[in-house]
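Q: Following this line is query.cif, made up of mmCIF, C-alpha atoms and all ligand atoms:
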data_data
#
loop_
_atom_site.group_PDB
_atom_site.id
_atom_site.type_symbol
_atom_site.label_atom_id
_atom_site.label_comp_id
_atom_site.auth_asym_id
_atom_site.auth_seq_id
_atom_site.Cartn_x
_atom_site.Cartn_y
_atom_site.Cartn_z
ATOM 1 C CA MET Y 13 0.000 0.000 0.000
ATOM 2 C CA THR Y 14 1.360 3.430 -0.904
ATOM 3 C CA ASP Y 15 1.766 6.104 1.772
ATOM 4 C CA GLU Y 16 -0.819 8.161 -0.036
ATOM 5 C CA LYS Y 17 -3.376 5.322 0.105
ATOM 6 C CA ARG Y 18 -2.638 4.763 3.815
ATOM 7 C CA THR Y 19 -3.164 8.446 4.599
ATOM 8 C CA GLU Y 20 -6.383 8.447 2.606
ATOM 9 C CA GLY Y 21 -7.599 5.375 4.540
ATOM 10 C CA LYS Y 22 -6.815 7.079 7.855
ATOM 11 C CA ARG Y 23 -8.552 10.265 6.760
ATOM 12 C CA LYS Y 24 -11.680 8.241 5.888
ATOM 13 C CA GLU Y 25 -11.725 6.599 9.327
ATOM 14 C CA CYS Y 26 -11.719 10.029 10.945
ATOM 15 C CA VAL Y 27 -14.550 11.367 8.815
ATOM 16 C CA PRO Y 28 -17.998 10.911 10.325
ATOM 17 C CA ARG Y 29 -20.400 8.915 8.204
ATOM 18 C CA HIS Y 30 -23.418 10.885 9.429
ATOM 19 C CA VAL Y 31 -23.466 14.521 10.569
ATOM 20 C CA ALA Y 32 -26.635 16.026 12.075
ATOM 21 C CA ILE Y 33 -26.945 19.786 12.530
ATOM 22 C CA ILE Y 34 -29.149 22.037 14.665
ATOM 23 C CA MET Y 35 -28.957 25.181 12.541
ATOM 24 C CA ASP Y 36 -29.458 27.946 15.065
ATOM 25 C CA GLY Y 37 -28.919 31.705 15.129
ATOM 26 C CA ASN Y 38 -30.524 32.954 11.891
ATOM 27 C CA GLY Y 39 -32.702 35.455 13.770
ATOM 28 C CA ARG Y 40 -29.789 36.821 15.830
ATOM 29 C CA TRP Y 41 -27.626 37.113 12.726
ATOM 30 C CA ALA Y 42 -30.303 39.301 11.107
ATOM 31 C CA LYS Y 43 -30.992 41.316 14.272
ATOM 32 C CA LYS Y 44 -27.295 42.185 14.637
ATOM 33 C CA ARG Y 45 -27.483 43.773 11.183
ATOM 34 C CA GLY Y 46 -30.849 45.471 11.651
ATOM 35 C CA LEU Y 47 -32.390 43.158 9.054
ATOM 36 C CA PRO Y 48 -35.687 41.224 9.092
ATOM 37 C CA ARG Y 49 -35.413 37.654 10.433
ATOM 38 C CA LEU Y 50 -36.108 36.230 7.004
ATOM 39 C CA LYS Y 51 -32.815 37.658 5.729
ATOM 40 C CA GLY Y 52 -31.114 35.502 8.351
ATOM 41 C CA HIS Y 53 -32.973 32.443 7.081
ATOM 42 C CA GLU Y 54 -31.971 33.336 3.512
ATOM 43 C CA GLN Y 55 -28.298 33.476 4.469
ATOM 44 C CA GLY Y 56 -28.900 30.254 6.427
ATOM 45 C CA SER Y 57 -29.978 28.601 3.167
ATOM 46 C CA GLU Y 58 -26.614 29.592 1.695
ATOM 47 C CA SER Y 59 -24.911 27.844 4.604
ATOM 48 C CA VAL Y 60 -26.978 24.731 3.855
ATOM 49 C CA ARG Y 61 -25.653 24.752 0.291
ATOM 50 C CA ALA Y 62 -22.062 25.287 1.483
ATOM 51 C CA VAL Y 63 -22.223 22.499 4.070
ATOM 52 C CA LEU Y 64 -23.835 20.099 1.618
ATOM 53 C CA ARG Y 65 -20.961 20.762 -0.780
ATOM 54 C CA ALA Y 66 -18.432 20.299 2.023
ATOM 55 C CA CYS Y 67 -19.990 16.898 2.790
ATOM 56 C CA ARG Y 68 -19.363 15.803 -0.783
ATOM 57 C CA LYS Y 69 -15.772 17.034 -0.584
ATOM 58 C CA THR Y 70 -14.957 15.297 2.682
ATOM 59 C CA GLY Y 71 -16.892 12.067 2.181
ATOM 60 C CA VAL Y 72 -19.630 12.607 4.792
ATOM 61 C CA LYS Y 73 -22.385 10.382 3.456
ATOM 62 C CA TYR Y 74 -25.429 11.431 5.484
ATOM 63 C CA LEU Y 75 -26.338 14.990 6.416
ATOM 64 C CA THR Y 76 -29.436 15.567 8.564
ATOM 65 C CA LEU Y 77 -30.582 19.163 9.044
ATOM 66 C CA TYR Y 78 -33.089 20.409 11.603
ATOM 67 C CA ALA Y 79 -34.904 22.789 9.277
ATOM 68 C CA PHE Y 80 -38.268 23.133 11.085
ATOM 69 C CA SER Y 81 -39.352 21.651 14.395
ATOM 70 C CA VAL Y 82 -42.829 20.673 15.603
ATOM 71 C CA GLU Y 83 -42.446 23.576 18.041
ATOM 72 C CA ASN Y 84 -41.696 26.088 15.248
ATOM 73 C CA TRP Y 85 -45.385 26.217 14.212
ATOM 74 C CA ILE Y 86 -45.986 28.804 16.958
ATOM 75 C CA ARG Y 87 -43.742 31.341 15.139
ATOM 76 C CA PRO Y 88 -45.393 34.339 13.411
ATOM 77 C CA LYS Y 89 -47.344 33.246 10.331
ATOM 78 C CA ALA Y 90 -45.267 35.508 8.048
ATOM 79 C CA GLU Y 91 -42.000 33.898 9.223
ATOM 80 C CA ILE Y 92 -43.423 30.404 8.676
ATOM 81 C CA ARG Y 93 -44.594 31.389 5.186
ATOM 82 C CA GLY Y 94 -41.144 32.838 4.449
ATOM 83 C CA LEU Y 95 -39.390 29.687 5.646
ATOM 84 C CA MET Y 96 -41.673 27.457 3.585
ATOM 85 C CA SER Y 97 -41.069 29.458 0.409
ATOM 86 C CA LEU Y 98 -37.324 29.386 1.095
ATOM 87 C CA LEU Y 99 -37.567 25.609 1.301
ATOM 88 C CA ILE Y 100 -39.342 25.430 -2.034
ATOM 89 C CA ARG Y 101 -36.720 27.724 -3.568
ATOM 90 C CA PHE Y 102 -33.963 25.610 -2.098
ATOM 91 C CA LEU Y 103 -35.455 22.370 -3.441
ATOM 92 C CA ARG Y 104 -35.852 23.853 -6.928
ATOM 93 C CA SER Y 105 -32.411 25.410 -7.107
ATOM 94 C CA GLU Y 106 -30.479 22.591 -5.467
ATOM 95 C CA GLU Y 107 -32.054 19.713 -7.400
ATOM 96 C CA HIS Y 108 -29.405 19.723 -10.155
ATOM 97 C CA GLU Y 109 -26.663 19.626 -7.493
ATOM 98 C CA LEU Y 110 -28.316 16.537 -5.954
ATOM 99 C CA HIS Y 111 -28.431 14.887 -9.391
ATOM 100 C CA ASP Y 112 -24.850 15.859 -10.250
ATOM 101 C CA ASN Y 113 -23.565 14.356 -7.013
ATOM 102 C CA LYS Y 114 -26.001 11.401 -6.864
ATOM 103 C CA VAL Y 115 -27.406 12.530 -3.521
ATOM 104 C CA ARG Y 116 -30.773 11.274 -2.341
ATOM 105 C CA LEU Y 117 -33.188 13.691 -0.659
ATOM 106 C CA ARG Y 118 -35.269 12.408 2.262
ATOM 107 C CA LEU Y 119 -37.580 13.996 4.787
ATOM 108 C CA ILE Y 120 -38.214 13.086 8.400
ATOM 109 C CA GLY Y 121 -40.998 14.514 10.544
ATOM 110 C CA ARG Y 122 -44.759 15.024 10.398
ATOM 111 C CA ILE Y 123 -44.679 15.691 6.668
ATOM 112 C CA ASP Y 124 -48.509 15.795 6.414
ATOM 113 C CA ASP Y 125 -48.440 19.028 8.468
ATOM 114 C CA LEU Y 126 -46.468 20.887 5.795
ATOM 115 C CA PRO Y 127 -48.158 23.131 3.213
ATOM 116 C CA LYS Y 128 -49.251 21.110 0.174
ATOM 117 C CA GLU Y 129 -46.888 23.016 -2.134
ATOM 118 C CA VAL Y 130 -43.850 22.100 0.003
ATOM 119 C CA GLN Y 131 -44.985 18.476 0.120
ATOM 120 C CA LYS Y 132 -45.471 18.399 -3.649
ATOM 121 C CA GLU Y 133 -42.028 19.846 -4.396
ATOM 122 C CA ALA Y 134 -40.285 17.683 -1.802
ATOM 123 C CA PHE Y 135 -41.961 14.461 -2.963
ATOM 124 C CA ARG Y 136 -41.068 15.291 -6.559
ATOM 125 C CA VAL Y 137 -37.353 15.716 -5.710
ATOM 126 C CA MET Y 138 -37.380 12.697 -3.371
ATOM 127 C CA LYS Y 139 -38.825 10.517 -6.130
ATOM 128 C CA ALA Y 140 -36.327 11.832 -8.686
ATOM 129 C CA THR Y 141 -33.353 11.114 -6.405
ATOM 130 C CA GLU Y 142 -34.499 7.966 -4.578
ATOM 131 C CA HIS Y 143 -32.141 5.651 -6.462
ATOM 132 C CA TYR Y 144 -28.945 7.600 -5.640
ATOM 133 C CA GLU Y 145 -26.454 6.015 -3.283
ATOM 134 C CA SER Y 146 -23.529 8.449 -3.030
ATOM 135 C CA GLY Y 147 -25.050 10.435 -0.198
ATOM 136 C CA GLN Y 148 -28.244 11.451 1.548
ATOM 137 C CA LEU Y 149 -29.578 14.864 2.488
ATOM 138 C CA ILE Y 150 -32.196 14.384 5.197
ATOM 139 C CA LEU Y 151 -34.346 17.383 6.040
ATOM 140 C CA ALA Y 152 -36.126 17.289 9.393
ATOM 141 C CA LEU Y 153 -39.374 19.192 8.847
ATOM 142 C CA SER Y 154 -42.175 19.541 11.378
ATOM 143 C CA TYR Y 155 -39.868 17.222 13.297
ATOM 144 C CA GLY Y 156 -39.755 16.406 17.001
ATOM 145 C CA GLY Y 157 -37.745 13.625 18.627
ATOM 146 C CA ARG Y 158 -40.474 12.783 21.125
ATOM 147 C CA THR Y 159 -43.092 12.890 18.350
ATOM 148 C CA GLU Y 160 -40.961 10.466 16.330
ATOM 149 C CA ILE Y 161 -40.734 8.039 19.253
ATOM 150 C CA ALA Y 162 -44.478 8.406 19.979
ATOM 151 C CA ASP Y 163 -45.263 7.752 16.295
ATOM 152 C CA ALA Y 164 -43.059 4.635 16.389
ATOM 153 C CA VAL Y 165 -44.702 3.357 19.579
ATOM 154 C CA ARG Y 166 -48.179 3.885 18.084
ATOM 155 C CA LYS Y 167 -47.211 1.833 14.992
ATOM 156 C CA ILE Y 168 -45.811 -0.921 17.213
ATOM 157 C CA ALA Y 169 -48.982 -0.887 19.353
ATOM 158 C CA ARG Y 170 -51.051 -1.347 16.196
ATOM 159 C CA GLY Y 171 -48.851 -4.288 15.242
ATOM 160 C CA VAL Y 172 -49.369 -5.823 18.678
ATOM 161 C CA LYS Y 173 -53.134 -5.358 18.328
ATOM 162 C CA THR Y 174 -53.204 -7.172 14.978
ATOM 163 C CA MET Y 175 -50.868 -9.810 16.447
ATOM 164 C CA GLU Y 176 -48.135 -9.074 13.873
ATOM 165 C CA ILE Y 177 -45.771 -8.096 16.694
ATOM 166 C CA ASP Y 178 -45.112 -10.183 19.782
ATOM 167 C CA PRO Y 179 -45.019 -7.667 22.698
ATOM 168 C CA GLU Y 180 -42.446 -9.838 24.495
ATOM 169 C CA LYS Y 181 -40.080 -9.369 21.567
ATOM 170 C CA VAL Y 182 -40.236 -5.563 21.445
ATOM 171 C CA ASP Y 183 -36.686 -4.329 22.016
ATOM 172 C CA GLU Y 184 -34.407 -1.438 20.972
ATOM 173 C CA LYS Y 185 -34.096 -2.858 17.481
ATOM 174 C CA THR Y 186 -37.897 -2.961 17.074
ATOM 175 C CA ILE Y 187 -38.212 0.706 18.058
ATOM 176 C CA GLY Y 188 -35.393 1.639 15.669
ATOM 177 C CA GLN Y 189 -37.223 -0.113 12.846
ATOM 178 C CA TYR Y 190 -40.296 2.109 13.284
ATOM 179 C CA LEU Y 191 -38.507 5.465 13.271
ATOM 180 C CA TYR Y 192 -38.916 7.812 10.278
ATOM 181 C CA ALA Y 193 -35.712 6.711 8.472
ATOM 182 C CA PRO Y 194 -34.899 3.306 9.982
ATOM 183 C CA ASP Y 195 -32.073 2.428 7.600
ATOM 184 C CA VAL Y 196 -30.046 5.596 8.239
ATOM 185 C CA PRO Y 197 -27.130 4.994 10.637
ATOM 186 C CA ASP Y 198 -27.115 7.029 13.860
ATOM 187 C CA PRO Y 199 -25.312 10.385 13.635
ATOM 188 C CA ASP Y 200 -21.618 10.194 14.524
ATOM 189 C CA LEU Y 201 -21.467 13.926 15.041
ATOM 190 C CA LEU Y 202 -24.130 16.405 16.192
ATOM 191 C CA ILE Y 203 -23.352 20.080 15.578
ATOM 192 C CA ARG Y 204 -25.265 22.992 17.107
ATOM 193 C CA THR Y 205 -24.484 26.566 16.152
ATOM 194 C CA SER Y 206 -25.073 29.908 17.938
ATOM 195 C CA GLY Y 207 -23.751 29.030 21.388
ATOM 196 C CA GLU Y 208 -26.854 27.243 22.698
ATOM 197 C CA MET Y 209 -26.035 23.948 24.412
ATOM 198 C CA ARG Y 210 -29.281 22.061 24.110
ATOM 199 C CA VAL Y 211 -30.555 19.154 22.052
ATOM 200 C CA SER Y 212 -33.998 20.747 21.583
ATOM 201 C CA ASN Y 213 -35.908 17.560 20.837
ATOM 202 C CA PHE Y 214 -33.694 16.588 17.879
ATOM 203 C CA LEU Y 215 -33.096 12.900 17.037
ATOM 204 C CA LEU Y 216 -33.467 11.907 20.688
ATOM 205 C CA TRP Y 217 -33.287 8.187 20.006
ATOM 206 C CA GLN Y 218 -30.471 8.355 17.466
ATOM 207 C CA ILE Y 219 -27.923 10.548 19.297
ATOM 208 C CA SER Y 220 -27.268 8.178 22.212
ATOM 209 C CA TYR Y 221 -23.608 7.790 21.250
ATOM 210 C CA SER Y 222 -23.061 10.832 19.015
ATOM 211 C CA GLU Y 223 -20.220 13.258 19.599
ATOM 212 C CA PHE Y 224 -21.528 16.777 20.301
ATOM 213 C CA TYR Y 225 -19.919 19.888 18.860
ATOM 214 C CA PHE Y 226 -21.135 23.303 19.969
ATOM 215 C CA THR Y 227 -19.934 26.535 18.397
ATOM 216 C CA ASN Y 228 -20.745 30.203 18.981
ATOM 217 C CA VAL Y 229 -20.826 30.838 15.228
ATOM 218 C CA LEU Y 230 -24.331 31.770 14.041
ATOM 219 C CA TRP Y 231 -25.725 29.459 11.363
ATOM 220 C CA PRO Y 232 -25.590 32.015 8.480
ATOM 221 C CA ASP Y 233 -21.838 32.356 9.160
ATOM 222 C CA PHE Y 234 -21.272 28.596 9.336
ATOM 223 C CA ARG Y 235 -19.683 27.675 6.011
ATOM 224 C CA GLU Y 236 -17.084 25.215 4.694
ATOM 225 C CA LYS Y 237 -14.289 26.509 6.966
ATOM 226 C CA GLN Y 238 -16.399 26.135 10.126
ATOM 227 C CA PHE Y 239 -17.620 22.697 9.012
ATOM 228 C CA MET Y 240 -14.002 21.576 8.499
ATOM 229 C CA GLU Y 241 -13.159 22.786 12.016
ATOM 230 C CA ALA Y 242 -15.983 20.660 13.415
ATOM 231 C CA LEU Y 243 -14.717 17.614 11.489
ATOM 232 C CA GLU Y 244 -11.208 18.245 12.755
ATOM 233 C CA GLU Y 245 -12.428 18.341 16.343
ATOM 234 C CA TYR Y 246 -14.386 15.134 15.717
ATOM 235 C CA SER Y 247 -11.314 13.373 14.350
ATOM 236 C CA ARG Y 248 -9.447 14.171 17.585
ATOM 237 C CA ARG Y 249 -12.040 12.502 19.769
ATOM 238 C CA HIS Y 250 -11.822 8.870 20.659
ATOM 239 C CA ARG Y 251 -15.144 7.058 20.608
ATOM 240 C CA ARG Y 252 -15.433 3.976 22.818
ATOM 241 C CA PHE Y 253 -19.175 3.150 22.755
ATOM 242 C CA GLY Y 254 -19.045 2.171 26.436
ATOM 243 C CA ASP Y 255 -16.088 -0.165 25.929
ATOM 244 C CA VAL Y 256 -12.673 0.156 27.648
ATOM 245 C CA GLU Y 257 -9.525 1.491 25.887
HETATM 246 C C1 LIG Y 301 -33.073 28.597 13.770
HETATM 247 O O1 LIG Y 301 -32.705 29.944 13.844
HETATM 248 C C2 LIG Y 301 -33.363 28.225 12.398
HETATM 249 C C3 LIG Y 301 -34.563 27.773 11.940
HETATM 250 C C4 LIG Y 301 -35.725 27.585 12.800
HETATM 251 C C5 LIG Y 301 -34.796 27.462 10.528
HETATM 252 C C6 LIG Y 301 -33.654 26.914 9.778
HETATM 253 C C7 LIG Y 301 -33.868 27.203 8.341
HETATM 254 C C8 LIG Y 301 -32.929 27.509 7.439
HETATM 255 C C9 LIG Y 301 -31.496 27.455 7.724
HETATM 256 C C10 LIG Y 301 -33.255 27.956 6.056
HETATM 257 C C11 LIG Y 301 -34.060 27.053 5.209
HETATM 258 C C12 LIG Y 301 -33.696 25.613 5.279
HETATM 259 C C13 LIG Y 301 -33.246 24.875 4.247
HETATM 260 C C14 LIG Y 301 -33.003 23.435 4.440
HETATM 261 C C15 LIG Y 301 -32.977 25.426 2.922
HETATM 262 P P1 LIG Y 301 -33.603 30.939 14.695
HETATM 263 O O2 LIG Y 301 -34.565 31.594 13.768
HETATM 264 O O3 LIG Y 301 -34.233 30.223 15.842
HETATM 265 O O4 LIG Y 301 -32.518 31.941 15.195
HETATM 266 P P2 LIG Y 301 -32.488 32.745 16.588
HETATM 267 O O5 LIG Y 301 -32.423 31.719 17.690
HETATM 268 O O6 LIG Y 301 -31.247 33.558 16.479
HETATM 269 O O7 LIG Y 301 -33.741 33.569 16.615
#
What is this file in structure tokens?
Ligand code: FPP

A:
Amino acid sequence: MTDEKRTEGKRKECVPRHVAIIMDGNGRWAKKRGLPRLKGHEQGSESVRAVLRACRKTGVKYLTLYAFSVENWIRPKAEIRGLMSLLIRFLRSEEHELHDNKVRLRLIGRIDDLPKEVQKEAFRVMKATEHYESGQLILALSYGGRTEIADAVRKIARGVKTMEIDPEKVDEKTIGQYLYAPDVPDPDLLIRTSGEMRVSNFLLWQISYSEFYFTNVLWPDFREKQFMEALEEYSRRHRRFGDVE
């Protein structure tokens, strides 16, 4: 094996397979500049594009983004409308990039709650990219970790009722199988921007063993350089999954 190949192998080991991000700080970014909140979300969309590109460059296969939580529905109607139209714009403008890089789009969350136009656009792009295997962009929309677990438990309860599931055999694996994207590996790295140190109901089941990375950078300022810094920090950590050295 050449030195170059060995280094490449090592680099791959250090790169997380799945990165999940709580994109926070759009509103504060805008406020600091005396701009409407939506401008912060617009710049946040640019960060999404930059990070998606950085994933392709570094070999991160799965990227899950917390784009809209179940709690976000209480925001002012105009902000929600603005966010939804940004999403549609993003899906339309980014579709060719997904095709070029063979990236599959997926959604997790209570998708039925979303405006019909968002659903239509998202389902169209999901269908068009469903066969790609190079990477996955997973958007969490109207998503809540507790809601996801409750939805899984309800499906399992139905299975028990129809006697398709033996209640004595319900274990961690069973619950995992009824989550929104059961085949996606758990995140290796969870990033949260804007200095908040909370999980905020994101991927509660899946982040049991994830490494956490918090940064003060506001999401609209989080671009390739900041993403690389997070990956560097990740590569320095030693994950033991409860085992000894
Ligand atoms: C949190 O910032 C951010 C959101 C609730 C929405 C995230 C949406 C985007 C980045 C843009 C659209 C998404 C995609 C996938 C194209 P905040 O508004 O809570 O900020 P604050 O805490 O500073 O007020």

Q: Given all atoms listed in the file, how would the per-residue table for chain Y near ligand LIG 301 (chain Y) read, listing every residue at most 10 Å away with its closest atom pair and distance in Å to one decimal, sorted by chain and number, as a tab-separated table?

A:
residue	atom	partner	partner_atom	distance
Y:Ile34	CA	Y:LIG301	C1	7.7
Y:Met35	CA	Y:LIG301	C2	5.4
Y:Asp36	CA	Y:LIG301	C1	3.9
Y:Gly37	CA	Y:LIG301	O6	3.3
Y:Asn38	CA	Y:LIG301	O4	4.0
Y:Gly39	CA	Y:LIG301	O7	3.6
Y:Arg40	CA	Y:LIG301	O6	3.6
Y:Trp41	CA	Y:LIG301	O6	6.3
Y:Ala42	CA	Y:LIG301	O6	7.9
Y:Lys43	CA	Y:LIG301	O6	8.1
Y:Lys44	CA	Y:LIG301	O6	9.7
Y:Arg49	CA	Y:LIG301	O2	7.0
Y:Leu50	CA	Y:LIG301	O2	8.3
Y:Lys51	CA	Y:LIG301	C10	9.7
Y:Gly52	CA	Y:LIG301	O2	7.5
Y:His53	CA	Y:LIG301	C10	4.6
Y:Glu54	CA	Y:LIG301	C10	6.1
Y:Gln55	CA	Y:LIG301	C9	7.6
Y:Gly56	CA	Y:LIG301	C9	4.0
Y:Ser57	CA	Y:LIG301	C15	4.4
Y:Glu58	CA	Y:LIG301	C15	7.7
Y:Ser59	CA	Y:LIG301	C9	7.3
Y:Val60	CA	Y:LIG301	C15	6.1
Y:Arg61	CA	Y:LIG301	C15	7.8
Y:Thr76	CA	Y:LIG301	C14	9.6
Y:Leu77	CA	Y:LIG301	C14	6.7
Y:Tyr78	CA	Y:LIG301	C6	6.8
Y:Ala79	CA	Y:LIG301	C6	4.3
Y:Phe80	CA	Y:LIG301	C4	5.4
Y:Ser81	CA	Y:LIG301	C4	7.1
Y:Glu83	CA	Y:LIG301	C4	9.4
Y:Asn84	CA	Y:LIG301	C4	6.6
Y:Trp85	CA	Y:LIG301	C4	9.9
Y:Arg87	CA	Y:LIG301	C4	9.2
Y:Glu91	CA	Y:LIG301	O2	9.0
Y:Ile92	CA	Y:LIG301	C4	9.2
Y:Gly94	CA	Y:LIG301	C11	9.2
Y:Leu95	CA	Y:LIG301	C11	6.0
Y:Met96	CA	Y:LIG301	C11	7.8
Y:Ser97	CA	Y:LIG301	C11	8.8
Y:Leu98	CA	Y:LIG301	C11	5.7
Y:Leu99	CA	Y:LIG301	C15	4.9
Y:Ile100	CA	Y:LIG301	C15	8.1
Y:Arg101	CA	Y:LIG301	C15	7.8
Y:Phe102	CA	Y:LIG301	C15	5.1
Y:Leu103	CA	Y:LIG301	C15	7.5
Y:Glu106	CA	Y:LIG301	C15	9.2
Y:Leu149	CA	Y:LIG301	C14	9.4
Y:Ile150	CA	Y:LIG301	C14	9.1
Y:Leu151	CA	Y:LIG301	C14	6.4
Y:Ala152	CA	Y:LIG301	C14	8.5
Y:Leu153	CA	Y:LIG301	C14	8.8
Y:Thr205	CA	Y:LIG301	C1	9.1
Y:Ser206	CA	Y:LIG301	O6	7.3
Y:Gly207	CA	Y:LIG301	O5	9.8
Y:Glu208	CA	Y:LIG301	O5	8.7
Y:Leu230	CA	Y:LIG301	O6	7.5
Y:Trp231	CA	Y:LIG301	C9	7.1
Y:Pro232	CA	Y:LIG301	C9	7.5

Q: Store the residues of this selection in a file with C-alpha atoms, as a CSV table (one decimal), in the frame of the given file.

A:
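out_34.csv, freshly written:
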chain,number,residue,atom,x,y,z
Y,34,ILE,CA,-29.1,22.0,14.7
Y,35,MET,CA,-29.0,25.2,12.5
Y,36,ASP,CA,-29.5,27.9,15.1
Y,37,GLY,CA,-28.9,31.7,15.1
Y,38,ASN,CA,-30.5,33.0,11.9
Y,39,GLY,CA,-32.7,35.5,13.8
Y,40,ARG,CA,-29.8,36.8,15.8
Y,41,TRP,CA,-27.6,37.1,12.7
Y,42,ALA,CA,-30.3,39.3,11.1
Y,43,LYS,CA,-31.0,41.3,14.3
Y,44,LYS,CA,-27.3,42.2,14.6
Y,49,ARG,CA,-35.4,37.7,10.4
Y,50,LEU,CA,-36.1,36.2,7.0
Y,51,LYS,CA,-32.8,37.7,5.7
Y,52,GLY,CA,-31.1,35.5,8.4
Y,53,HIS,CA,-33.0,32.4,7.1
Y,54,GLU,CA,-32.0,33.3,3.5
Y,55,GLN,CA,-28.3,33.5,4.5
Y,56,GLY,CA,-28.9,30.3,6.4
Y,57,SER,CA,-30.0,28.6,3.2
Y,58,GLU,CA,-26.6,29.6,1.7
Y,59,SER,CA,-24.9,27.8,4.6
Y,60,VAL,CA,-27.0,24.7,3.9
Y,61,ARG,CA,-25.7,24.8,0.3
Y,76,THR,CA,-29.4,15.6,8.6
Y,77,LEU,CA,-30.6,19.2,9.0
Y,78,TYR,CA,-33.1,20.4,11.6
Y,79,ALA,CA,-34.9,22.8,9.3
Y,80,PHE,CA,-38.3,23.1,11.1
Y,81,SER,CA,-39.4,21.7,14.4
Y,83,GLU,CA,-42.4,23.6,18.0
Y,84,ASN,CA,-41.7,26.1,15.2
Y,85,TRP,CA,-45.4,26.2,14.2
Y,87,ARG,CA,-43.7,31.3,15.1
Y,91,GLU,CA,-42.0,33.9,9.2
Y,92,ILE,CA,-43.4,30.4,8.7
Y,94,GLY,CA,-41.1,32.8,4.4
Y,95,LEU,CA,-39.4,29.7,5.6
Y,96,MET,CA,-41.7,27.5,3.6
Y,97,SER,CA,-41.1,29.5,0.4
Y,98,LEU,CA,-37.3,29.4,1.1
Y,99,LEU,CA,-37.6,25.6,1.3
Y,100,ILE,CA,-39.3,25.4,-2.0
Y,101,ARG,CA,-36.7,27.7,-3.6
Y,102,PHE,CA,-34.0,25.6,-2.1
Y,103,LEU,CA,-35.5,22.4,-3.4
Y,106,GLU,CA,-30.5,22.6,-5.5
Y,149,LEU,CA,-29.6,14.9,2.5
Y,150,ILE,CA,-32.2,14.4,5.2
Y,151,LEU,CA,-34.3,17.4,6.0
Y,152,ALA,CA,-36.1,17.3,9.4
Y,153,LEU,CA,-39.4,19.2,8.8
Y,205,THR,CA,-24.5,26.6,16.2
Y,206,SER,CA,-25.1,29.9,17.9
Y,207,GLY,CA,-23.8,29.0,21.4
Y,208,GLU,CA,-26.9,27.2,22.7
Y,230,LEU,CA,-24.3,31.8,14.0
Y,231,TRP,CA,-25.7,29.5,11.4
Y,232,PRO,CA,-25.6,32.0,8.5

Q: Could you please determine the separation between CA of Ala134 in chain Y and CA of Ile33 in chain Y in Å, to one decimal place?

A: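 Between CA of Ala134 in chain Y and CA of Ile33 in chain Y the gap is 19.7 Å.
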
Q: Could you list the residues chosen by the PyMOL selection byres (((chain Y and resi 242) around 9) and not hetatm) in this structure as a list in words?

A: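 So the PyMOL selection byres (((chain Y and resi 242) around 9) and not hetatm) ends up selecting Leu201, Ile203, Tyr225, Phe226, Thr227, Lys237, Gln238, Phe239, Met240, Glu241, Leu243, Glu244, Glu245, Tyr246 and Ser247 of chain Y.
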
Q: Could you check how far CA of Val165 in chain Y sits from CA of Pro194 in chain Y, in Å to one decimal?

A: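 Computing it gives 13.7 Å between the two atoms.
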
Q: Using only C-alpha atoms, tabulate the residues of range 34-139 of chain Y lying at most 9 Å from any atom of range 178-193 of chain Y, each with its closest atom pair and that distance in Å to one decimal, by chain and increasing residue number, as JSON lines.

A:
{"residue": "Y:Arg118", "atom": "CA", "partner": "Y:Ala193", "partner_atom": "CA", "distance": 8.4}
{"residue": "Y:Leu119", "atom": "CA", "partner": "Y:Ala193", "partner_atom": "CA", "distance": 8.4}
{"residue": "Y:Ile120", "atom": "CA", "partner": "Y:Tyr192", "partner_atom": "CA", "distance": 5.6}
{"residue": "Y:Gly121", "atom": "CA", "partner": "Y:Tyr192", "partner_atom": "CA", "distance": 7.0}

Q: Which value, in Å to one decimal, gives the distance between CA of Asp198 in chain Y and CA of Glu160 in chain Y?

A: 14.5 Å

Q: Nearest to Leu75 in chain Y among Y:Gly147, Y:Gly156, Y:Pro48, Y:Gly171, with distances taken over all atoms listed in the file: which residue is it?

A: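 Looking only at the distances to Leu75 in chain Y, the closest residue turns out to be Y:Gly147.
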
Q: Pick out the closest residue to Arg116 in chain Y from this set: Y:Arg29, Y:Lys73, Y:Arg104, Y:Lys132. Count only C-alpha atoms.

A: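 For Arg116 in chain Y, the nearest of the candidates is Y:Lys73.
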